[in-house]
Amino acid sequence: MHPLIERHRDELRALAERYGVRSIKVFGSMARDDADASSDVDLLVETAPDTSGFTLGALLMDAQDILGRHVDLVTEAALHPAMRARVLNEARQL
């Protein structure tokens, strides 16, 4: 896992808890630790069925503030079928 994620792991977990996120995982280049200075952060979250888009938006904005990087936030249900297996395989729990 990339050092940026390791450094902010506790903050991201606290953020997830604050927004009622059941699970937060990193995937992509940050999970593989082959990210560079321009890489974004890909987060996979598991939420309650009644979680609003506003809640996810707030989580996204706060995660970007913490990490100082662009963040892509996705739920498992929203994963494209062609990418699903790869994402789930490389996702690492925070």
# chains A, B, ... in the order shown; residues from 1 in each chain; ligands from 1
>>> residues_around(residues="Leu59 in chain A", least_positions_apart="5", cutoff="8 Å", atoms="only C-alpha atoms", output="list in words")
Leu15, Ala16 and Tyr19 of chain A
>>> write_last_selection(atoms="N, CA and C atoms", output="PDB file, in the first residue's frame")
ATOM      1  N   LEU A  15     -13.093   8.974   9.271  1.00  0.00           N
ATOM      2  CA  LEU A  15     -14.004   9.637   8.340  1.00  0.00           C
ATOM      3  C   LEU A  15     -15.116   8.687   7.907  1.00  0.00           C
ATOM      4  N   ALA A  16     -14.744   7.473   7.567  1.00  0.00           N
ATOM      5  CA  ALA A  16     -15.738   6.473   7.164  1.00  0.00           C
ATOM      6  C   ALA A  16     -16.737   6.230   8.287  1.00  0.00           C
ATOM      7  N   TYR A  19     -19.298   9.026   8.646  1.00  0.00           N
ATOM      8  CA  TYR A  19     -20.336   9.041   7.617  1.00  0.00           C
ATOM      9  C   TYR A  19     -21.117   7.735   7.532  1.00  0.00           C
TER      10      TYR A  19
END
>>> residues_around(residues="Gly68 in chain A", least_positions_apart="2", cutoff="12 Å", atoms="only C-alpha atoms", output="ChimeraX atom specification")
/A:4-5,8,37-41,60-66,70-71
>>> write_last_selection(atoms="N, CA and C atoms", output="CSV table (one decimal), in the first residue's frame")
chain,number,residue,atom,x,y,z
A,4,LEU,N,1.3,7.3,1.3
A,4,LEU,CA,0.2,8.3,1.5
A,4,LEU,C,-1.0,7.7,2.2
A,5,ILE,N,-1.4,6.5,1.8
A,5,ILE,CA,-2.5,5.9,2.4
A,5,ILE,C,-2.2,5.4,3.8
A,8,HIS,N,-2.3,8.2,6.3
A,8,HIS,CA,-3.7,8.8,6.6
A,8,HIS,C,-4.7,7.7,6.9
A,37,ALA,N,3.2,10.9,-8.4
A,37,ALA,CA,2.7,12.2,-7.9
A,37,ALA,C,1.4,12.6,-8.5
A,38,SER,N,1.1,12.1,-9.7
A,38,SER,CA,-0.2,12.6,-10.3
A,38,SER,C,-1.3,11.6,-10.1
A,39,SER,N,-1.1,10.5,-9.5
A,39,SER,CA,-2.1,9.4,-9.3
A,39,SER,C,-3.2,9.9,-8.4
A,40,ASP,N,-4.4,9.5,-8.7
A,40,ASP,CA,-5.6,9.7,-7.9
A,40,ASP,C,-5.7,8.6,-6.9
A,41,VAL,N,-6.7,8.7,-6.0
A,41,VAL,CA,-6.9,7.6,-5.0
A,41,VAL,C,-8.3,7.0,-5.3
A,60,LEU,N,-16.4,12.1,0.0
A,60,LEU,CA,-15.5,12.3,-1.1
A,60,LEU,C,-14.7,13.6,-0.9
A,61,MET,N,-15.4,14.7,-0.6
A,61,MET,CA,-14.7,16.0,-0.4
A,61,MET,C,-13.8,15.9,0.8
A,62,ASP,N,-14.2,15.4,1.9
A,62,ASP,CA,-13.4,15.3,3.1
A,62,ASP,C,-12.1,14.4,2.8
A,63,ALA,N,-12.3,13.3,2.1
A,63,ALA,CA,-11.2,12.4,1.8
A,63,ALA,C,-10.2,13.2,0.9
A,64,GLN,N,-10.6,13.9,0.0
A,64,GLN,CA,-9.7,14.7,-0.9
A,64,GLN,C,-9.0,15.7,-0.1
A,65,ASP,N,-9.6,16.4,0.9
A,65,ASP,CA,-9.0,17.3,1.8
A,65,ASP,C,-7.9,16.6,2.6
A,66,ILE,N,-8.2,15.5,3.1
A,66,ILE,CA,-7.2,14.7,3.9
A,66,ILE,C,-6.0,14.3,3.1
A,70,HIS,N,-7.0,14.0,-5.9
A,70,HIS,CA,-8.3,13.7,-6.4
A,70,HIS,C,-8.7,12.3,-5.9
A,71,VAL,N,-9.9,12.1,-5.5
A,71,VAL,CA,-10.4,10.8,-5.0
A,71,VAL,C,-11.5,10.3,-5.9
>>> select_by_dssp(residues="range 19-83 of chain A", states="alpha helix (DSSP H)", output="list in words")
Ser29, Met30, Ala31, Arg32, Gly53, Phe54, Thr55, Leu56, Gly57, Ala58, Leu59, Leu60, Met61, Asp62, Ala63, Gln64, Asp65, Ile66, Leu67, Pro81, Ala82 and Met83 of chain A
>>> closest_residue(among="A:Ala14, A:Ala77, A:Met1, A:Ala58", to="Met30 in chain A", atoms="only C-alpha atoms")
A:Met1
>>> atom_distance(atom1="CA of Pro49 in chain A", atom2="CA of Asn89 in chain A")
23.3 Å
>>> atom_distance(atom1="CA of Ala35 in chain A", atom2="CA of Pro81 in chain A")
24.0 Å
>>> residues_around(residues="Gly28 in chain A", least_positions_apart="4", cutoff="8 Å", atoms="only C-alpha atoms", output="MDAnalysis selection string")
chainID A and resid 32 41:42 87 90:91
>>> write_last_selection(atoms="C-alpha atoms", output="compact mmCIF listing (two decimals), in the first residue's frame")
# COMPACT_ATOMS: atom_id res chain seq x y z
CA ARG A 32 -0.54 -1.76 -5.59
CA VAL A 41 -6.91 7.64 -4.99
CA ASP A 42 -9.55 5.00 -5.68
CA VAL A 87 -11.08 -4.22 -8.28
CA GLU A 90 -6.76 -5.80 -5.40
CA ALA A 91 -8.86 -3.83 -2.87
>>> select_by_dssp(residues="chain A", states="strand (DSSP E)", output="PyMOL selection string")
chain A and resi 23-27+41-46+71-75+92-93
>>> closest_residue(among="A:Phe27, A:Leu56, A:Leu67, A:Thr47", to="Arg86 in chain A", atoms="only C-alpha atoms")
A:Phe27
